[in-house]
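**Q** Mind looking over this structure? Questions follow.
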Amino acid sequence: MEHAKMLKKLMELGISEKEARIYSALLQKRELTAIEIQKTAHVPRTKVYEITHKMILSNMCIEKQIGGRKKYQAVEPKKFLKSLMKKNERELIEKRKLAGEIEKIASPEYARGMQKTDISKSVEIIRDQPSIHERYLNLLRNTKKELVGLVKPPYVHQYNELRLGEQDEIMFRKIKKGVKVRMLYEIPVKKIKWTYSYIKKCVERGEKARVIASVPAKINIFDQRYIVVALTNLKPGASPLTMFVIEHPPLARAGKILFDYLWAQAQNYHSLKSLIRKRDTKH
């Protein structure tokens, strides 16, 4: 067990599996010939000399000539690891320097590219409810990793249970496939019992949910790539919502920061039960 644990830790440090097996074998046997390494560490004979040469350069082992036979011996772990850390530190300094040089070259290119980008081509504006519903379903179907949302009325599925059922079916299927879903619900003025029951059903299917007194807008963020904002229409007779679909990862990440900030202040959705009890008592 300890042997397997050490192999795993060595590989996490960037040592190859074959090097880790040879080093472990040398620690246990003190000195080994190439044939003995082949048998003990289960490394092909043709690879033994190549790998041990690399290990000598990395200060993992040394080569000794004993009675006409070439043998290999492990370097003390403390010395080998100290040498490895110094090498990693040197490489990190070089990579930081290289990253700085790349940034100097790439940043102006990025800035020039952004000047040519027409952001209006990344924005969709959808006004009628059936189209809003279909676009939302399409975004759900194409989500690979994560969906977070700020939820408040009015809803696209309002007075239409079929639409809600379609949304839930796709979302629950996505959760089953590993998509992480977190929803932050605004505590409603009306229909608290319905809201509590609905959230409970979603949580039982794998959604993570919290509630908060107020959210600034209806916002959904898909894979930190698309940010969807649904705004309430104030004109009488107009569709209840206008939906903006924006494909803009930096803006989506900014929206995610807002979501995480509000999420940290929110309450467990079970807090709705006390509000339901208070309202029932009054009535």
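Residue numbering restarts at 1 for every chain of the structure tokens, chains are lettered A, B, ... in their displayed order, and ligands are numbered from 1 as they appear.
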Name the residues of stretch 6-169 of chain A that come out as helix (DSSP H, G or I) in a backbone DSSP run; write them as a VMD selection string.

**A** chain A and resid 6 to 12 17 to 29 34 to 41 45 to 57 77 to 116 119 to 122 129 to 141 161 to 169

**Q** Save out the residues we just selected, C-alpha atoms, as a short mmCIF file (atom, residue, chain, number, x, y, z; two decimals), in the first residue's frame.

**A**
data_model
loop_
_atom_site.label_atom_id
_atom_site.label_comp_id
_atom_site.auth_asym_id
_atom_site.auth_seq_id
_atom_site.Cartn_x
_atom_site.Cartn_y
_atom_site.Cartn_z
CA MET A 6 4.78 6.60 -3.05
CA LEU A 7 4.56 5.81 -6.79
CA LYS A 8 1.45 7.98 -7.04
CA LYS A 9 3.11 10.87 -5.17
CA LEU A 10 6.25 10.68 -7.33
CA MET A 11 4.15 10.85 -10.49
CA GLU A 12 2.24 13.84 -9.07
CA GLU A 17 5.72 6.04 -14.11
CA LYS A 18 8.76 4.02 -15.29
CA GLU A 19 11.18 6.34 -13.44
CA ALA A 20 9.04 6.08 -10.30
CA ARG A 21 9.02 2.26 -10.49
CA ILE A 22 12.80 2.08 -10.99
CA TYR A 23 13.48 4.54 -8.14
CA SER A 24 11.17 2.58 -5.83
CA ALA A 25 12.91 -0.69 -6.78
CA LEU A 26 16.34 0.85 -6.08
CA LEU A 27 15.17 2.11 -2.68
CA GLN A 28 14.08 -1.41 -1.73
CA LYS A 29 17.09 -3.34 -3.14
CA ALA A 34 19.95 -3.46 -15.63
CA ILE A 35 18.58 -7.04 -15.78
CA GLU A 36 17.51 -6.87 -12.13
CA ILE A 37 15.79 -3.50 -12.76
CA GLN A 38 13.96 -5.07 -15.70
CA LYS A 39 12.64 -7.88 -13.51
CA THR A 40 11.95 -5.87 -10.34
CA ALA A 41 10.51 -2.68 -11.82
CA ARG A 45 15.18 -4.09 -21.07
CA THR A 46 15.46 -1.87 -24.15
CA LYS A 47 14.24 1.10 -22.07
CA VAL A 48 16.27 0.53 -18.88
CA TYR A 49 19.48 2.24 -20.06
CA GLU A 50 17.62 5.19 -21.57
CA ILE A 51 15.55 5.78 -18.41
CA THR A 52 18.41 5.26 -15.94
CA HIS A 53 20.56 7.71 -17.94
CA LYS A 54 17.78 10.30 -17.61
CA MET A 55 17.49 9.52 -13.86
CA ILE A 56 21.24 10.05 -13.40
CA LEU A 57 20.93 13.48 -15.01
CA PRO A 77 15.36 10.86 -1.16
CA LYS A 78 16.10 14.12 0.65
CA LYS A 79 18.91 15.02 -1.80
CA PHE A 80 16.96 13.90 -4.87
CA LEU A 81 13.82 15.85 -3.87
CA LYS A 82 15.83 18.98 -3.05
CA SER A 83 17.43 18.78 -6.49
CA LEU A 84 14.01 18.25 -8.11
CA MET A 85 12.52 21.28 -6.33
CA LYS A 86 15.41 23.48 -7.49
CA LYS A 87 14.90 22.26 -11.05
CA ASN A 88 11.13 22.96 -10.84
CA GLU A 89 11.81 26.44 -9.42
CA ARG A 90 14.20 27.22 -12.30
CA GLU A 91 11.63 25.98 -14.83
CA LEU A 92 8.90 28.07 -13.18
CA ILE A 93 11.06 31.21 -13.35
CA GLU A 94 11.74 30.50 -17.03
CA LYS A 95 8.03 29.89 -17.74
CA ARG A 96 7.05 33.13 -15.97
CA LYS A 97 9.59 35.00 -18.06
CA LEU A 98 8.28 33.32 -21.22
CA ALA A 99 4.66 34.07 -20.23
CA GLY A 100 5.59 37.76 -19.78
CA GLU A 101 7.17 37.85 -23.24
CA ILE A 102 4.12 36.17 -24.82
CA GLU A 103 1.80 38.63 -23.04
CA LYS A 104 3.73 41.57 -24.49
CA ILE A 105 3.31 40.16 -27.99
CA ALA A 106 -0.25 38.82 -27.64
CA SER A 107 -1.96 41.69 -25.73
CA PRO A 108 -1.72 44.26 -28.56
CA GLU A 109 -2.97 41.60 -31.02
CA TYR A 110 -5.92 40.86 -28.73
CA ALA A 111 -6.72 44.57 -28.36
CA ARG A 112 -6.63 45.07 -32.15
CA GLY A 113 -8.91 42.04 -32.61
CA MET A 114 -11.41 43.33 -30.04
CA GLN A 115 -11.59 46.68 -31.87
CA LYS A 116 -12.73 44.81 -34.98
CA ILE A 119 -20.55 43.02 -30.26
CA SER A 120 -24.02 43.45 -31.79
CA LYS A 121 -23.46 40.19 -33.70
CA SER A 122 -23.16 38.39 -30.37
CA GLN A 129 -42.86 33.91 -25.43
CA PRO A 130 -42.85 30.80 -27.68
CA SER A 131 -39.51 31.88 -29.22
CA ILE A 132 -38.06 32.69 -25.79
CA HIS A 133 -39.08 29.23 -24.59
CA GLU A 134 -37.55 27.46 -27.63
CA ARG A 135 -34.26 29.39 -27.39
CA TYR A 136 -34.00 28.59 -23.68
CA LEU A 137 -34.53 24.89 -24.41
CA ASN A 138 -31.84 25.02 -27.10
CA LEU A 139 -29.36 26.58 -24.68
CA LEU A 140 -30.21 23.93 -22.09
CA ARG A 141 -29.68 21.10 -24.59
CA GLU A 161 -47.42 23.78 -17.41
CA LEU A 162 -46.37 22.08 -20.67
CA ARG A 163 -43.51 24.56 -21.16
CA LEU A 164 -42.35 24.11 -17.58
CA GLY A 165 -42.44 20.33 -18.01
CA GLU A 166 -40.27 20.56 -21.15
CA GLN A 167 -37.71 22.75 -19.37
CA ASP A 168 -37.58 20.45 -16.35
CA GLU A 169 -37.24 17.29 -18.45
#

**Q** For the structure I just gave you, how does DSSP split stretch 83-225 of chain A - specifically, which residues are strand (DSSP E or B)? Reply as a ChimeraX atom specification.

**A** /A:123-126,146-151,180-186,208-212,218-222

**Q** Can you write out the residues you just picked, keeping N, CA and C atoms, as a PDB file, in the first residue's frame?

**A**
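Output contents, as saved in result_15.pdb:
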ATOM      1  N   VAL A 123     -25.323  39.406 -29.877  1.00  0.00           N
ATOM      2  CA  VAL A 123     -26.523  39.629 -29.059  1.00  0.00           C
ATOM      3  C   VAL A 123     -27.777  39.266 -29.853  1.00  0.00           C
ATOM      4  N   GLU A 124     -28.616  38.401 -29.245  1.00  0.00           N
ATOM      5  CA  GLU A 124     -29.932  38.105 -29.826  1.00  0.00           C
ATOM      6  C   GLU A 124     -30.997  38.766 -28.946  1.00  0.00           C
ATOM      7  N   ILE A 125     -32.000  39.343 -29.576  1.00  0.00           N
ATOM      8  CA  ILE A 125     -33.125  39.922 -28.828  1.00  0.00           C
ATOM      9  C   ILE A 125     -34.384  39.165 -29.236  1.00  0.00           C
ATOM     10  N   ILE A 126     -35.037  38.546 -28.251  1.00  0.00           N
ATOM     11  CA  ILE A 126     -36.220  37.722 -28.534  1.00  0.00           C
ATOM     12  C   ILE A 126     -37.379  38.251 -27.701  1.00  0.00           C
ATOM     13  N   GLU A 146     -22.137  23.548 -16.778  1.00  0.00           N
ATOM     14  CA  GLU A 146     -22.708  24.299 -15.655  1.00  0.00           C
ATOM     15  C   GLU A 146     -23.806  25.256 -16.116  1.00  0.00           C
ATOM     16  N   LEU A 147     -24.823  25.347 -15.279  1.00  0.00           N
ATOM     17  CA  LEU A 147     -25.873  26.352 -15.455  1.00  0.00           C
ATOM     18  C   LEU A 147     -26.137  26.990 -14.102  1.00  0.00           C
ATOM     19  N   VAL A 148     -26.076  28.319 -14.037  1.00  0.00           N
ATOM     20  CA  VAL A 148     -26.470  29.031 -12.815  1.00  0.00           C
ATOM     21  C   VAL A 148     -27.519  30.056 -13.205  1.00  0.00           C
ATOM     22  N   GLY A 149     -28.432  30.346 -12.268  1.00  0.00           N
ATOM     23  CA  GLY A 149     -29.497  31.276 -12.614  1.00  0.00           C
ATOM     24  C   GLY A 149     -30.058  32.047 -11.443  1.00  0.00           C
ATOM     25  N   LEU A 150     -30.448  33.285 -11.714  1.00  0.00           N
ATOM     26  CA  LEU A 150     -31.205  34.107 -10.776  1.00  0.00           C
ATOM     27  C   LEU A 150     -32.658  34.054 -11.244  1.00  0.00           C
ATOM     28  N   VAL A 151     -33.547  33.612 -10.371  1.00  0.00           N
ATOM     29  CA  VAL A 151     -34.926  33.314 -10.774  1.00  0.00           C
ATOM     30  C   VAL A 151     -35.915  34.224 -10.064  1.00  0.00           C
ATOM     31  N   LYS A 180     -23.700  20.676 -13.641  1.00  0.00           N
ATOM     32  CA  LYS A 180     -23.969  21.248 -12.320  1.00  0.00           C
ATOM     33  C   LYS A 180     -24.944  22.410 -12.455  1.00  0.00           C
ATOM     34  N   VAL A 181     -26.038  22.340 -11.708  1.00  0.00           N
ATOM     35  CA  VAL A 181     -27.071  23.373 -11.793  1.00  0.00           C
ATOM     36  C   VAL A 181     -27.272  23.999 -10.413  1.00  0.00           C
ATOM     37  N   ARG A 182     -27.132  25.328 -10.357  1.00  0.00           N
ATOM     38  CA  ARG A 182     -27.439  26.072  -9.122  1.00  0.00           C
ATOM     39  C   ARG A 182     -28.421  27.184  -9.466  1.00  0.00           C
ATOM     40  N   MET A 183     -29.498  27.271  -8.690  1.00  0.00           N
ATOM     41  CA  MET A 183     -30.505  28.292  -8.929  1.00  0.00           C
ATOM     42  C   MET A 183     -30.758  29.081  -7.638  1.00  0.00           C
ATOM     43  N   LEU A 184     -30.791  30.393  -7.788  1.00  0.00           N
ATOM     44  CA  LEU A 184     -31.060  31.286  -6.662  1.00  0.00           C
ATOM     45  C   LEU A 184     -32.415  31.951  -6.905  1.00  0.00           C
ATOM     46  N   TYR A 185     -33.402  31.592  -6.073  1.00  0.00           N
ATOM     47  CA  TYR A 185     -34.783  32.043  -6.275  1.00  0.00           C
ATOM     48  C   TYR A 185     -35.093  33.261  -5.412  1.00  0.00           C
ATOM     49  N   GLU A 186     -35.729  34.249  -6.013  1.00  0.00           N
ATOM     50  CA  GLU A 186     -36.258  35.366  -5.252  1.00  0.00           C
ATOM     51  C   GLU A 186     -37.483  34.881  -4.475  1.00  0.00           C
ATOM     52  N   LYS A 208     -29.008  22.359  -7.062  1.00  0.00           N
ATOM     53  CA  LYS A 208     -28.699  23.030  -5.790  1.00  0.00           C
ATOM     54  C   LYS A 208     -29.461  24.352  -5.804  1.00  0.00           C
ATOM     55  N   ALA A 209     -30.156  24.647  -4.706  1.00  0.00           N
ATOM     56  CA  ALA A 209     -31.015  25.831  -4.712  1.00  0.00           C
ATOM     57  C   ALA A 209     -30.950  26.576  -3.384  1.00  0.00           C
ATOM     58  N   ARG A 210     -31.051  27.901  -3.474  1.00  0.00           N
ATOM     59  CA  ARG A 210     -31.180  28.758  -2.294  1.00  0.00           C
ATOM     60  C   ARG A 210     -32.206  29.846  -2.609  1.00  0.00           C
ATOM     61  N   VAL A 211     -32.618  30.577  -1.557  1.00  0.00           N
ATOM     62  CA  VAL A 211     -33.571  31.671  -1.753  1.00  0.00           C
ATOM     63  C   VAL A 211     -33.009  32.952  -1.138  1.00  0.00           C
ATOM     64  N   ILE A 212     -33.469  34.085  -1.678  1.00  0.00           N
ATOM     65  CA  ILE A 212     -32.998  35.386  -1.206  1.00  0.00           C
ATOM     66  C   ILE A 212     -34.154  36.375  -1.359  1.00  0.00           C
ATOM     67  N   LYS A 218     -33.723  38.577 -13.955  1.00  0.00           N
ATOM     68  CA  LYS A 218     -33.733  37.163 -14.341  1.00  0.00           C
ATOM     69  C   LYS A 218     -32.513  36.924 -15.228  1.00  0.00           C
ATOM     70  N   ILE A 219     -31.553  36.173 -14.706  1.00  0.00           N
ATOM     71  CA  ILE A 219     -30.298  35.943 -15.439  1.00  0.00           C
ATOM     72  C   ILE A 219     -29.958  34.462 -15.390  1.00  0.00           C
ATOM     73  N   ASN A 220     -29.588  33.906 -16.529  1.00  0.00           N
ATOM     74  CA  ASN A 220     -29.072  32.544 -16.595  1.00  0.00           C
ATOM     75  C   ASN A 220     -27.727  32.569 -17.298  1.00  0.00           C
ATOM     76  N   ILE A 221     -26.791  31.777 -16.795  1.00  0.00           N
ATOM     77  CA  ILE A 221     -25.445  31.731 -17.382  1.00  0.00           C
ATOM     78  C   ILE A 221     -25.130  30.277 -17.723  1.00  0.00           C
ATOM     79  N   PHE A 222     -24.888  30.031 -18.998  1.00  0.00           N
ATOM     80  CA  PHE A 222     -24.657  28.684 -19.499  1.00  0.00           C
ATOM     81  C   PHE A 222     -23.171  28.490 -19.807  1.00  0.00           C
TER      82      PHE A 222
END

**Q** Considering only C-alpha atoms, can you say which of A:Ile227, A:Met171, A:Ala264, A:Leu272 comes closest to A:His248?

**A**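 Of the candidates, the smallest distance to A:His248 is held by A:Ile227.
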
**Q** What's the separation between atom CA of A:Tyr261 and atom CA of A:Lys152, in Å to one decimal place?

**A**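 Answer for the atom CA of A:Tyr261 to atom CA of A:Lys152 separation: 17.1 Å.
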
**Q** So, with only C-alpha atoms as the atoms that count, which of A:Lys193, A:Lys200, A:Arg173, A:Lys144 lies closest to A:Asp223?

**A** A:Lys144
